[in-house]
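**Q** Got a structure here, written out as structure tokens. Questions coming.
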2 protein chains.
Amino acid sequence: MRGQSKFLVIPQSVDFRGKITIGALVDLILTAAGNNADENGFGIRELLKQNSTWVLSRLAIEVIKMPKQYEWIYIDTWIDDINQLNTTRNFELKNEKMEVIGKARSLWAMINFETRKPLELDKLGGIQNHAEHLSIDMDEPMKLSQIKSDVVRTHQVRYSDIDLNHHVNTVKYIQWMSDNFSLDFYKAHQIKRFDINFMREFVYGDEVEIHAEEVEKNDFHFDLCKNKKSHCRGRLVFQET
Amino acid sequence: MRGQSKFLVIPQSVDFRGKITIGALVDLILTAAGNNADENGFGIRELLKQNSTWVLSRLAIEVIKMPKQYEWIYIDTWIDDINQLNTTRNFELKNEKMEVIGKARSLWAMINFETRKPLELDKLGGIQNHAEHLSIDMDEPMKLSQIKSDVVRTHQVRYSDIDLNHHVNTVKYIQWMSDNFSLDFYKAHQIKRFDINFMREFVYGDEVEIHAEEVEKNDFHFDLCKNKKSHCRGRLVFQET
């Protein structure tokens with residue numbers, strides 16, 4: 001069943017322009033996904049009872065208009081398809097005037113909580129009934145490939161990066177990518193599309209190697225590695241304002 | 001007039017233990033101060049009309065019990081005293097059971113928005129009527145002195161550190177201090193008292209030199225400098241759990 005979550009853009013989630021950061025926007029999208037999964041009876045709390053959990057493997061967002069501080073965002077979300085080992089979930093973002101301000105598509109897997117191995121989705125009885133088979137008009141989340149650039153920056157994972165799940169919070173990965181650009185760049189550009197692939201988690205004490213490369217004009221690819229192994233890849237496409 | 005603000009402890013504001021971080025708690029305290037100043041007609045928006053603004057010079061918090069995710073916090077706040085060049089504001093933090101879980105005292109100055117020079121508070125007509133002359137049972141915010149330690153870490157100020165005021169957000173200063181400790185340390189200790197002195201702001205591109213020293217057992221002092229000049233000093237006192 002389709003669900004809707006409503007959020008206020010709070011001061012802590014905006015940048016120097018008063019616009020929500022892409023990291024904070026992803027956080028709201030994931031919260032909306034969690035709310036909808038809970039409503040449908042297959043949220044994380046329910047899955048944990050069966051010793052399994054959801055993991056996000058890919059996400060793509062297309063931004064039409066970035067919401068600003070103290071604006072309300074309405075996020076509609078629904079399961080599109082359910083395959084053997086993954087499920088696709090779509091999102092439509094609206095402002096107070098009910099204008100569509102963004103869209104998102106995501107790909108999720110269910111894993112065993114301890115072994116971290118993927119589980120077949122049919123094990124979730126009745127989940128097939130929740131597939132709406134309703135797509136959204138945007139390209140699917142990209143599978144991002146390795147980039148050639150050197151390490152542009154490193155970051156040691158500290159206390160403030162770690163969340164309740166004892167690993168680095170998703171918002172931080174996105175922050176490390178968006179911190180690649182100057183205030184002047186953000187004054188002249190806005191994010192058009194963001195893709196992210198999650199491969200491995202980072203934990204306390206890890207040394208994150210940040211690779212970044214402008215593949216085409218205003219099309220930046222990122223690779224967050226540990227000992228040269230990719231943990232998370234991302235892509236930010238900007239347009240001039 | 002005394003005011004009360006009510007906040008939900010949201011997931012983004014808690015650490016790996018599910019407890020609100022000291023940075024996020026300070027943010028709520030400052031929001032409560034802003035709300036009360038607005039109610040009394042001398043909030044920042046009002047002051048900006050006269051080309052002036054508030055700056056926080058010192059703050060001290062004593063924590064009795066750190067609130068956890070999804071708990072509500074009630075923050076009572078009032079002006080204690082009004083002096084020629086500064087004003088003191090007190091806070092009392094309560095949980096849902098109306099138990100006092102923390103206290104805070106703060107010292108504010110009013111400055112000219114452009115020259116950044118201090119202004120006499122009497123220029124704010126009627127502000128004297130708002131002094132409650134009601135103190136709170138805790139030591140006043142400490143004036144922190146220089147520490148001897150070397151630089152333990154540096155941080156280059158990036159996009160995600162900058163807020164709407166085009167300088168580094170207060171929460172970030174506190175994050176840099178609290179990131180001095182490991183998860184193991186946080187498992188065995190809790191914050192008892194936090195003091196902070198604001199001297200100069202950090203802006204985009206600054207290289208922050210973080211000095212830290214354990215002055216006495218579980219009593220840590222911090223100095224955030226730029227080119228060896230103090231911009232912000234802090235003190236975290238822990239107790240074993």
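Chain labels run A, B, ... following the order of the structure tokens; each chain numbers its residues from 1, and ligands are numbered from 1 in the order shown.
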Would you give me, as a compact mmCIF listing (two decimals) with all heavy atoms, in the first residue's frame, the residues of chain B that come within 12 Å of chain A, using only C-alpha atoms?
**A**
```txt
# COMPACT_ATOMS: atom_id res chain seq x y z
N ILE B 10 15.17 13.50 17.95
CA ILE B 10 15.06 12.80 16.66
C ILE B 10 16.29 11.93 16.40
O ILE B 10 17.36 12.18 16.96
CB ILE B 10 14.84 13.81 15.49
CG1 ILE B 10 15.97 14.85 15.43
CG2 ILE B 10 13.49 14.49 15.62
CD1 ILE B 10 15.93 15.73 14.20
N PRO B 11 16.13 10.88 15.56
CA PRO B 11 17.24 9.95 15.30
C PRO B 11 18.55 10.64 14.90
O PRO B 11 19.63 10.22 15.33
CB PRO B 11 16.72 9.07 14.15
CG PRO B 11 15.24 9.08 14.33
CD PRO B 11 14.90 10.45 14.86
N GLN B 12 18.47 11.69 14.09
CA GLN B 12 19.70 12.36 13.63
C GLN B 12 20.47 13.01 14.78
O GLN B 12 21.61 13.42 14.60
CB GLN B 12 19.41 13.44 12.59
CG GLN B 12 18.84 12.95 11.29
CD GLN B 12 17.32 12.99 11.32
OE1 GLN B 12 16.70 12.54 12.29
NE2 GLN B 12 16.72 13.51 10.28
N SER B 13 19.85 13.16 15.95
CA SER B 13 20.54 13.87 17.02
C SER B 13 21.12 12.94 18.08
O SER B 13 21.67 13.41 19.07
CB SER B 13 19.60 14.90 17.65
OG SER B 13 18.54 14.25 18.28
N VAL B 14 21.00 11.62 17.87
CA VAL B 14 21.52 10.70 18.89
C VAL B 14 22.81 10.01 18.43
O VAL B 14 23.09 9.93 17.24
CB VAL B 14 20.49 9.63 19.33
CG1 VAL B 14 19.22 10.29 19.84
CG2 VAL B 14 20.17 8.64 18.21
N ASP B 15 23.56 9.52 19.40
CA ASP B 15 24.80 8.82 19.09
C ASP B 15 24.56 7.31 19.05
O ASP B 15 23.42 6.84 19.08
CB ASP B 15 25.90 9.22 20.09
CG ASP B 15 25.65 8.71 21.50
OD1 ASP B 15 24.74 7.89 21.71
OD2 ASP B 15 26.40 9.12 22.41
N PHE B 16 25.63 6.53 19.00
CA PHE B 16 25.52 5.08 18.88
C PHE B 16 24.84 4.44 20.10
O PHE B 16 24.38 3.31 20.02
CB PHE B 16 26.91 4.46 18.64
CG PHE B 16 27.79 4.43 19.86
CD1 PHE B 16 27.95 3.26 20.59
CD2 PHE B 16 28.45 5.58 20.29
CE1 PHE B 16 28.76 3.23 21.73
CE2 PHE B 16 29.25 5.56 21.42
CZ PHE B 16 29.40 4.38 22.14
N ARG B 17 24.76 5.17 21.22
CA ARG B 17 24.10 4.66 22.42
C ARG B 17 22.62 5.02 22.45
O ARG B 17 21.90 4.66 23.37
CB ARG B 17 24.77 5.25 23.67
CG ARG B 17 26.26 4.98 23.77
CD ARG B 17 26.89 5.80 24.90
NE ARG B 17 26.73 7.23 24.68
CZ ARG B 17 27.13 8.16 25.54
NH1 ARG B 17 27.72 7.82 26.67
NH2 ARG B 17 26.95 9.45 25.27
N GLY B 18 22.19 5.81 21.43
CA GLY B 18 20.80 6.26 21.42
C GLY B 18 20.57 7.49 22.28
O GLY B 18 19.45 7.93 22.47
N LYS B 19 21.67 8.06 22.82
CA LYS B 19 21.55 9.27 23.65
C LYS B 19 21.80 10.50 22.80
O LYS B 19 22.65 10.47 21.90
CB LYS B 19 22.59 9.23 24.77
CG LYS B 19 22.32 8.19 25.82
CD LYS B 19 23.40 8.24 26.89
CE LYS B 19 23.11 7.20 27.98
NZ LYS B 19 24.18 7.15 28.98
N ILE B 20 21.14 11.59 23.12
CA ILE B 20 21.36 12.84 22.37
C ILE B 20 22.83 13.25 22.55
O ILE B 20 23.40 13.07 23.62
CB ILE B 20 20.38 13.95 22.83
CG1 ILE B 20 20.38 15.11 21.83
CG2 ILE B 20 20.69 14.44 24.24
CD1 ILE B 20 19.27 16.12 22.06
N THR B 21 23.43 13.75 21.48
CA THR B 21 24.82 14.22 21.59
C THR B 21 24.80 15.59 22.28
O THR B 21 23.79 16.31 22.23
CB THR B 21 25.46 14.39 20.20
OG1 THR B 21 24.71 15.37 19.47
CG2 THR B 21 25.48 13.08 19.42
N ILE B 22 25.92 15.94 22.87
CA ILE B 22 25.99 17.24 23.57
C ILE B 22 25.83 18.38 22.56
O ILE B 22 25.20 19.40 22.87
CB ILE B 22 27.28 17.35 24.44
CG1 ILE B 22 27.31 18.62 25.27
CG2 ILE B 22 28.55 17.19 23.62
CD1 ILE B 22 26.40 18.61 26.46
N GLY B 23 26.29 18.19 21.33
CA GLY B 23 26.13 19.21 20.29
C GLY B 23 24.66 19.43 19.97
O GLY B 23 24.20 20.57 19.88
N ALA B 24 23.92 18.34 19.80
CA ALA B 24 22.50 18.45 19.49
C ALA B 24 21.73 19.05 20.67
O ALA B 24 20.77 19.82 20.48
CB ALA B 24 21.93 17.09 19.11
N ASP B 27 22.15 22.71 20.64
CA ASP B 27 21.32 23.27 19.59
C ASP B 27 19.88 23.48 20.07
O ASP B 27 19.27 24.52 19.80
CB ASP B 27 21.35 22.32 18.38
CG ASP B 27 20.82 22.98 17.14
OD1 ASP B 27 21.39 24.01 16.75
OD2 ASP B 27 19.82 22.49 16.58
N LEU B 28 19.34 22.52 20.83
CA LEU B 28 17.98 22.68 21.37
C LEU B 28 17.92 23.81 22.40
O LEU B 28 16.97 24.60 22.41
CB LEU B 28 17.50 21.37 22.02
CG LEU B 28 17.43 20.14 21.10
CD1 LEU B 28 16.81 18.97 21.85
CD2 LEU B 28 16.63 20.43 19.83
N THR B 31 17.89 27.00 20.55
CA THR B 31 16.57 27.20 19.91
C THR B 31 15.56 27.69 20.94
O THR B 31 14.78 28.61 20.68
CB THR B 31 16.09 25.89 19.25
OG1 THR B 31 17.09 25.46 18.33
CG2 THR B 31 14.78 26.08 18.50
N LYS B 68 17.12 10.31 25.55
CA LYS B 68 17.33 9.32 24.50
C LYS B 68 16.39 9.56 23.32
O LYS B 68 15.40 10.29 23.44
CB LYS B 68 17.08 7.93 25.07
CG LYS B 68 18.12 7.53 26.11
CD LYS B 68 18.07 6.04 26.37
CE LYS B 68 19.45 5.53 26.71
NZ LYS B 68 19.52 4.07 26.69
N GLN B 69 16.68 8.87 22.23
CA GLN B 69 15.88 8.95 21.01
C GLN B 69 14.37 8.78 21.31
O GLN B 69 13.98 7.89 22.05
CB GLN B 69 16.35 7.85 20.05
CG GLN B 69 15.59 7.84 18.73
CD GLN B 69 16.26 6.94 17.70
OE1 GLN B 69 17.40 7.15 17.33
NE2 GLN B 69 15.55 5.93 17.23
N ARG B 153 44.72 17.41 16.15
CA ARG B 153 44.03 17.11 14.89
C ARG B 153 43.76 18.45 14.21
O ARG B 153 43.62 19.47 14.87
CB ARG B 153 42.69 16.45 15.22
CG ARG B 153 42.15 15.53 14.17
CD ARG B 153 41.03 14.63 14.73
NE ARG B 153 39.76 15.30 14.87
CZ ARG B 153 39.13 15.53 16.01
NH1 ARG B 153 39.66 15.15 17.15
NH2 ARG B 153 37.97 16.15 16.03
N THR B 154 43.67 18.44 12.89
CA THR B 154 43.23 19.65 12.21
C THR B 154 41.99 19.29 11.39
O THR B 154 41.74 18.12 11.10
CB THR B 154 44.30 20.21 11.26
OG1 THR B 154 44.58 19.22 10.28
CG2 THR B 154 45.57 20.60 12.00
N HIS B 155 41.21 20.30 11.07
CA HIS B 155 40.01 20.07 10.26
C HIS B 155 39.86 21.24 9.31
O HIS B 155 39.89 22.39 9.74
CB HIS B 155 38.78 19.96 11.17
CG HIS B 155 37.49 19.90 10.40
ND1 HIS B 155 36.97 18.71 9.94
CD2 HIS B 155 36.64 20.87 9.98
CE1 HIS B 155 35.85 18.96 9.29
NE2 HIS B 155 35.62 20.26 9.30
N GLN B 156 39.68 20.94 8.04
CA GLN B 156 39.47 22.04 7.10
C GLN B 156 37.97 22.28 6.98
O GLN B 156 37.19 21.35 6.74
CB GLN B 156 40.05 21.68 5.74
CG GLN B 156 40.37 22.96 4.94
CD GLN B 156 40.51 22.69 3.47
OE1 GLN B 156 40.99 21.64 3.07
NE2 GLN B 156 40.08 23.66 2.66
N VAL B 157 37.55 23.52 7.17
CA VAL B 157 36.12 23.85 7.16
C VAL B 157 35.57 23.68 5.74
O VAL B 157 36.09 24.26 4.79
CB VAL B 157 35.87 25.28 7.68
CG1 VAL B 157 34.41 25.67 7.53
CG2 VAL B 157 36.31 25.40 9.13
N ARG B 158 34.51 22.89 5.62
CA ARG B 158 33.91 22.55 4.33
C ARG B 158 32.44 22.97 4.27
O ARG B 158 31.86 23.38 5.26
CB ARG B 158 34.03 21.04 4.10
CG ARG B 158 35.45 20.57 4.12
CD ARG B 158 35.63 19.17 3.57
NE ARG B 158 37.05 18.94 3.39
CZ ARG B 158 37.72 19.28 2.29
NH1 ARG B 158 37.09 19.80 1.27
NH2 ARG B 158 39.02 19.08 2.21
N TYR B 159 31.87 22.79 3.10
CA TYR B 159 30.47 23.11 2.81
C TYR B 159 29.50 22.69 3.92
O TYR B 159 28.69 23.49 4.40
CB TYR B 159 30.10 22.44 1.48
CG TYR B 159 28.63 22.30 1.18
CD1 TYR B 159 27.83 23.40 0.91
CD2 TYR B 159 28.04 21.03 1.18
CE1 TYR B 159 26.48 23.25 0.62
CE2 TYR B 159 26.70 20.87 0.89
CZ TYR B 159 25.92 21.98 0.62
OH TYR B 159 24.59 21.82 0.35
N SER B 160 29.61 21.42 4.39
CA SER B 160 28.63 20.92 5.35
C SER B 160 28.80 21.52 6.75
O SER B 160 27.95 21.31 7.62
CB SER B 160 28.69 19.40 5.44
OG SER B 160 29.94 18.99 5.94
N ASP B 161 29.88 22.26 6.99
CA ASP B 161 30.09 22.90 8.30
C ASP B 161 29.41 24.27 8.39
O ASP B 161 29.27 24.82 9.48
CB ASP B 161 31.59 23.11 8.55
CG ASP B 161 32.38 21.81 8.60
OD1 ASP B 161 31.87 20.83 9.18
OD2 ASP B 161 33.51 21.77 8.05
N ILE B 162 29.05 24.82 7.24
CA ILE B 162 28.61 26.23 7.17
C ILE B 162 27.08 26.32 7.24
O ILE B 162 26.39 25.58 6.55
CB ILE B 162 29.09 26.85 5.83
CG1 ILE B 162 30.62 26.72 5.70
CG2 ILE B 162 28.66 28.31 5.68
CD1 ILE B 162 31.41 27.49 6.73
N ASP B 163 26.58 27.23 8.07
CA ASP B 163 25.13 27.38 8.17
C ASP B 163 24.64 28.66 7.48
O ASP B 163 25.41 29.36 6.81
CB ASP B 163 24.66 27.27 9.63
CG ASP B 163 25.10 28.45 10.48
OD1 ASP B 163 25.53 29.48 9.94
OD2 ASP B 163 25.02 28.32 11.73
N LEU B 164 23.36 28.93 7.64
CA LEU B 164 22.72 30.09 7.00
C LEU B 164 23.42 31.42 7.29
O LEU B 164 23.33 32.35 6.50
CB LEU B 164 21.27 30.19 7.50
CG LEU B 164 20.18 29.74 6.54
CD1 LEU B 164 18.82 29.88 7.20
CD2 LEU B 164 20.22 30.56 5.25
N ASN B 165 24.11 31.49 8.44
CA ASN B 165 24.83 32.73 8.78
C ASN B 165 26.19 32.82 8.11
O ASN B 165 27.00 33.70 8.42
CB ASN B 165 25.01 32.83 10.30
CG ASN B 165 23.67 32.87 11.01
OD1 ASN B 165 22.80 33.64 10.63
ND2 ASN B 165 23.51 32.03 12.02
N HIS B 166 26.47 31.87 7.24
CA HIS B 166 27.73 31.84 6.47
C HIS B 166 28.96 31.67 7.35
O HIS B 166 30.06 32.04 6.96
CB HIS B 166 27.86 33.08 5.56
CG HIS B 166 26.89 33.05 4.41
ND1 HIS B 166 27.22 33.43 3.15
CD2 HIS B 166 25.60 32.63 4.35
CE1 HIS B 166 26.16 33.28 2.36
NE2 HIS B 166 25.17 32.80 3.06
N HIS B 167 28.77 31.12 8.55
CA HIS B 167 29.93 30.71 9.35
C HIS B 167 29.71 29.29 9.86
O HIS B 167 28.65 28.70 9.62
CB HIS B 167 30.23 31.72 10.47
CG HIS B 167 29.11 31.90 11.45
ND1 HIS B 167 28.90 33.07 12.13
CD2 HIS B 167 28.13 31.06 11.85
CE1 HIS B 167 27.86 32.93 12.91
NE2 HIS B 167 27.37 31.72 12.77
N VAL B 168 30.72 28.76 10.57
CA VAL B 168 30.59 27.39 11.06
C VAL B 168 29.50 27.32 12.12
O VAL B 168 29.47 28.13 13.05
CB VAL B 168 31.94 26.88 11.62
CG1 VAL B 168 31.77 25.54 12.30
CG2 VAL B 168 32.96 26.78 10.50
N ASN B 169 28.63 26.35 12.00
CA ASN B 169 27.54 26.16 12.95
C ASN B 169 28.09 25.72 14.32
O ASN B 169 28.99 24.89 14.39
CB ASN B 169 26.60 25.10 12.38
CG ASN B 169 25.32 25.00 13.18
OD1 ASN B 169 25.24 24.23 14.12
ND2 ASN B 169 24.34 25.79 12.82
N THR B 170 27.50 26.27 15.38
CA THR B 170 27.92 25.98 16.76
C THR B 170 28.05 24.49 17.04
O THR B 170 28.97 24.03 17.72
CB THR B 170 26.88 26.56 17.74
OG1 THR B 170 26.63 27.90 17.40
CG2 THR B 170 27.35 26.47 19.17
N VAL B 171 27.08 23.72 16.51
CA VAL B 171 27.07 22.28 16.76
C VAL B 171 28.39 21.64 16.30
O VAL B 171 28.87 20.69 16.91
CB VAL B 171 25.86 21.63 16.05
CG1 VAL B 171 25.91 20.11 16.15
CG2 VAL B 171 24.56 22.16 16.64
N LYS B 172 28.98 22.18 15.25
CA LYS B 172 30.22 21.62 14.71
C LYS B 172 31.40 21.79 15.67
O LYS B 172 32.21 20.90 15.81
CB LYS B 172 30.56 22.28 13.37
CG LYS B 172 29.56 21.96 12.28
CD LYS B 172 29.74 20.53 11.82
CE LYS B 172 28.67 20.14 10.84
NZ LYS B 172 29.03 18.89 10.15
N TYR B 173 31.48 22.96 16.32
CA TYR B 173 32.57 23.17 17.28
C TYR B 173 32.52 22.08 18.34
O TYR B 173 33.54 21.52 18.75
CB TYR B 173 32.42 24.51 18.03
CG TYR B 173 32.52 25.76 17.19
CD1 TYR B 173 31.44 26.22 16.46
CD2 TYR B 173 33.70 26.49 17.16
CE1 TYR B 173 31.54 27.38 15.70
CE2 TYR B 173 33.80 27.65 16.40
CZ TYR B 173 32.71 28.08 15.68
OH TYR B 173 32.81 29.23 14.94
N ILE B 174 31.30 21.80 18.80
CA ILE B 174 31.12 20.84 19.90
C ILE B 174 31.40 19.43 19.40
O ILE B 174 31.99 18.61 20.10
CB ILE B 174 29.70 20.99 20.47
CG1 ILE B 174 29.48 22.45 20.89
CG2 ILE B 174 29.47 20.04 21.64
CD1 ILE B 174 28.06 22.80 21.22
N GLN B 175 31.03 19.17 18.15
CA GLN B 175 31.30 17.87 17.53
C GLN B 175 32.81 17.60 17.46
O GLN B 175 33.27 16.51 17.75
CB GLN B 175 30.70 17.89 16.14
CG GLN B 175 30.48 16.55 15.52
CD GLN B 175 29.71 16.71 14.21
OE1 GLN B 175 28.53 17.09 14.20
NE2 GLN B 175 30.37 16.46 13.11
N TRP B 176 33.55 18.64 17.07
CA TRP B 176 35.01 18.47 16.97
C TRP B 176 35.61 18.13 18.34
O TRP B 176 36.59 17.39 18.43
CB TRP B 176 35.67 19.72 16.37
CG TRP B 176 35.21 20.02 14.97
CD1 TRP B 176 34.75 19.10 14.06
CD2 TRP B 176 35.14 21.28 14.32
NE1 TRP B 176 34.41 19.74 12.89
CE2 TRP B 176 34.64 21.08 13.02
CE3 TRP B 176 35.46 22.59 14.70
CZ2 TRP B 176 34.43 22.11 12.10
CZ3 TRP B 176 35.27 23.62 13.80
CH2 TRP B 176 34.76 23.38 12.51
N MET B 177 35.03 18.71 19.40
CA MET B 177 35.53 18.40 20.75
C MET B 177 35.11 16.98 21.15
O MET B 177 35.93 16.18 21.61
CB MET B 177 34.98 19.41 21.76
CG MET B 177 35.42 20.84 21.48
SD MET B 177 34.72 22.00 22.69
CE MET B 177 35.08 23.57 21.88
N SER B 178 33.85 16.64 20.95
CA SER B 178 33.38 15.32 21.40
C SER B 178 33.96 14.19 20.57
O SER B 178 33.98 13.04 21.01
CB SER B 178 31.85 15.22 21.46
OG SER B 178 31.21 16.18 20.70
N ASP B 179 34.43 14.48 19.37
CA ASP B 179 35.07 13.46 18.53
C ASP B 179 36.47 13.10 19.02
O ASP B 179 37.15 12.28 18.41
CB ASP B 179 35.15 13.94 17.07
CG ASP B 179 33.91 13.55 16.29
OD1 ASP B 179 33.12 12.73 16.79
OD2 ASP B 179 33.72 14.07 15.17
N ASN B 180 36.87 13.71 20.11
CA ASN B 180 38.17 13.40 20.69
C ASN B 180 38.19 12.05 21.42
O ASN B 180 39.25 11.53 21.75
CB ASN B 180 38.52 14.52 21.69
CG ASN B 180 39.99 14.54 22.04
OD1 ASN B 180 40.83 14.56 21.16
ND2 ASN B 180 40.29 14.52 23.34
N PHE B 181 36.99 11.48 21.65
CA PHE B 181 36.88 10.27 22.48
C PHE B 181 36.39 9.07 21.68
O PHE B 181 35.60 9.23 20.74
CB PHE B 181 35.94 10.55 23.66
CG PHE B 181 36.32 11.79 24.40
CD1 PHE B 181 35.73 13.01 24.11
CD2 PHE B 181 37.34 11.74 25.35
CE1 PHE B 181 36.12 14.17 24.76
CE2 PHE B 181 37.73 12.90 26.01
CZ PHE B 181 37.13 14.11 25.72
N SER B 182 36.84 7.90 22.08
CA SER B 182 36.48 6.66 21.36
C SER B 182 35.11 6.16 21.80
O SER B 182 34.56 6.58 22.83
CB SER B 182 37.52 5.59 21.68
OG SER B 182 37.37 5.21 23.03
N LEU B 183 34.56 5.22 21.03
CA LEU B 183 33.29 4.61 21.42
C LEU B 183 33.43 3.90 22.77
O LEU B 183 32.52 3.95 23.59
CB LEU B 183 32.82 3.61 20.36
CG LEU B 183 32.57 4.13 18.93
CD1 LEU B 183 31.78 3.10 18.14
CD2 LEU B 183 31.87 5.47 18.90
N ASP B 184 34.58 3.26 22.99
CA ASP B 184 34.81 2.58 24.28
C ASP B 184 34.76 3.57 25.44
O ASP B 184 34.21 3.27 26.49
CB ASP B 184 36.17 1.85 24.26
CG ASP B 184 36.08 0.56 23.46
OD1 ASP B 184 34.95 0.08 23.22
OD2 ASP B 184 37.14 0.05 23.05
N PHE B 185 35.33 4.75 25.21
CA PHE B 185 35.29 5.77 26.26
C PHE B 185 33.83 6.16 26.55
O PHE B 185 33.41 6.25 27.70
CB PHE B 185 36.11 7.00 25.85
CG PHE B 185 36.20 8.04 26.93
CD1 PHE B 185 37.21 7.98 27.89
CD2 PHE B 185 35.28 9.08 27.00
CE1 PHE B 185 37.28 8.93 28.91
CE2 PHE B 185 35.34 10.04 28.01
CZ PHE B 185 36.35 9.96 28.96
N TYR B 186 33.05 6.37 25.48
CA TYR B 186 31.63 6.75 25.66
C TYR B 186 30.80 5.63 26.29
O TYR B 186 29.80 5.90 26.95
CB TYR B 186 31.01 7.18 24.33
CG TYR B 186 31.34 8.61 23.95
CD1 TYR B 186 32.24 8.89 22.94
CD2 TYR B 186 30.77 9.68 24.64
CE1 TYR B 186 32.57 10.20 22.60
CE2 TYR B 186 31.09 10.99 24.31
CZ TYR B 186 31.99 11.25 23.29
OH TYR B 186 32.30 12.54 22.97
N LYS B 187 31.24 4.37 26.08
CA LYS B 187 30.51 3.27 26.72
C LYS B 187 30.68 3.30 28.24
O LYS B 187 29.81 2.87 28.97
CB LYS B 187 31.02 1.92 26.18
CG LYS B 187 30.39 1.53 24.86
CD LYS B 187 31.01 0.23 24.33
CE LYS B 187 30.76 0.12 22.83
NZ LYS B 187 31.72 -0.80 22.19
N VAL B 203 35.21 30.40 9.35
CA VAL B 203 34.48 30.50 8.09
C VAL B 203 34.99 29.47 7.09
O VAL B 203 35.97 28.77 7.35
CB VAL B 203 34.55 31.93 7.49
CG1 VAL B 203 33.84 32.94 8.40
CG2 VAL B 203 35.99 32.35 7.23
N TYR B 204 34.34 29.42 5.94
CA TYR B 204 34.68 28.44 4.91
C TYR B 204 36.17 28.47 4.55
O TYR B 204 36.74 29.55 4.37
CB TYR B 204 33.84 28.70 3.64
CG TYR B 204 34.16 27.70 2.56
CD1 TYR B 204 33.64 26.41 2.63
CD2 TYR B 204 35.00 28.00 1.50
CE1 TYR B 204 33.94 25.46 1.67
CE2 TYR B 204 35.31 27.07 0.52
CZ TYR B 204 34.78 25.80 0.63
OH TYR B 204 35.09 24.86 -0.31
N GLY B 205 36.79 27.29 4.50
CA GLY B 205 38.18 27.20 4.08
C GLY B 205 39.18 27.26 5.23
O GLY B 205 40.34 26.91 5.05
```
**Q** Residues near Arg58 in chain A, anyone? I mean within 8 Å using only C-alpha atoms, not counting same-chain ones fewer than 4 positions away, as a list in words.
**A**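 Selected residues are Ser106, Leu107, Trp108, Pro141, Met142, Lys143, Asp195, Ile196, Asn197 and Phe198 of chain A.
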**Q** Using only C-alpha atoms, pick whichever of B:Ala188, B:Leu224, B:Ile111, B:His211 has the shortest atom-to-atom distance to Leu48 in chain B.
**A** B:Ile111
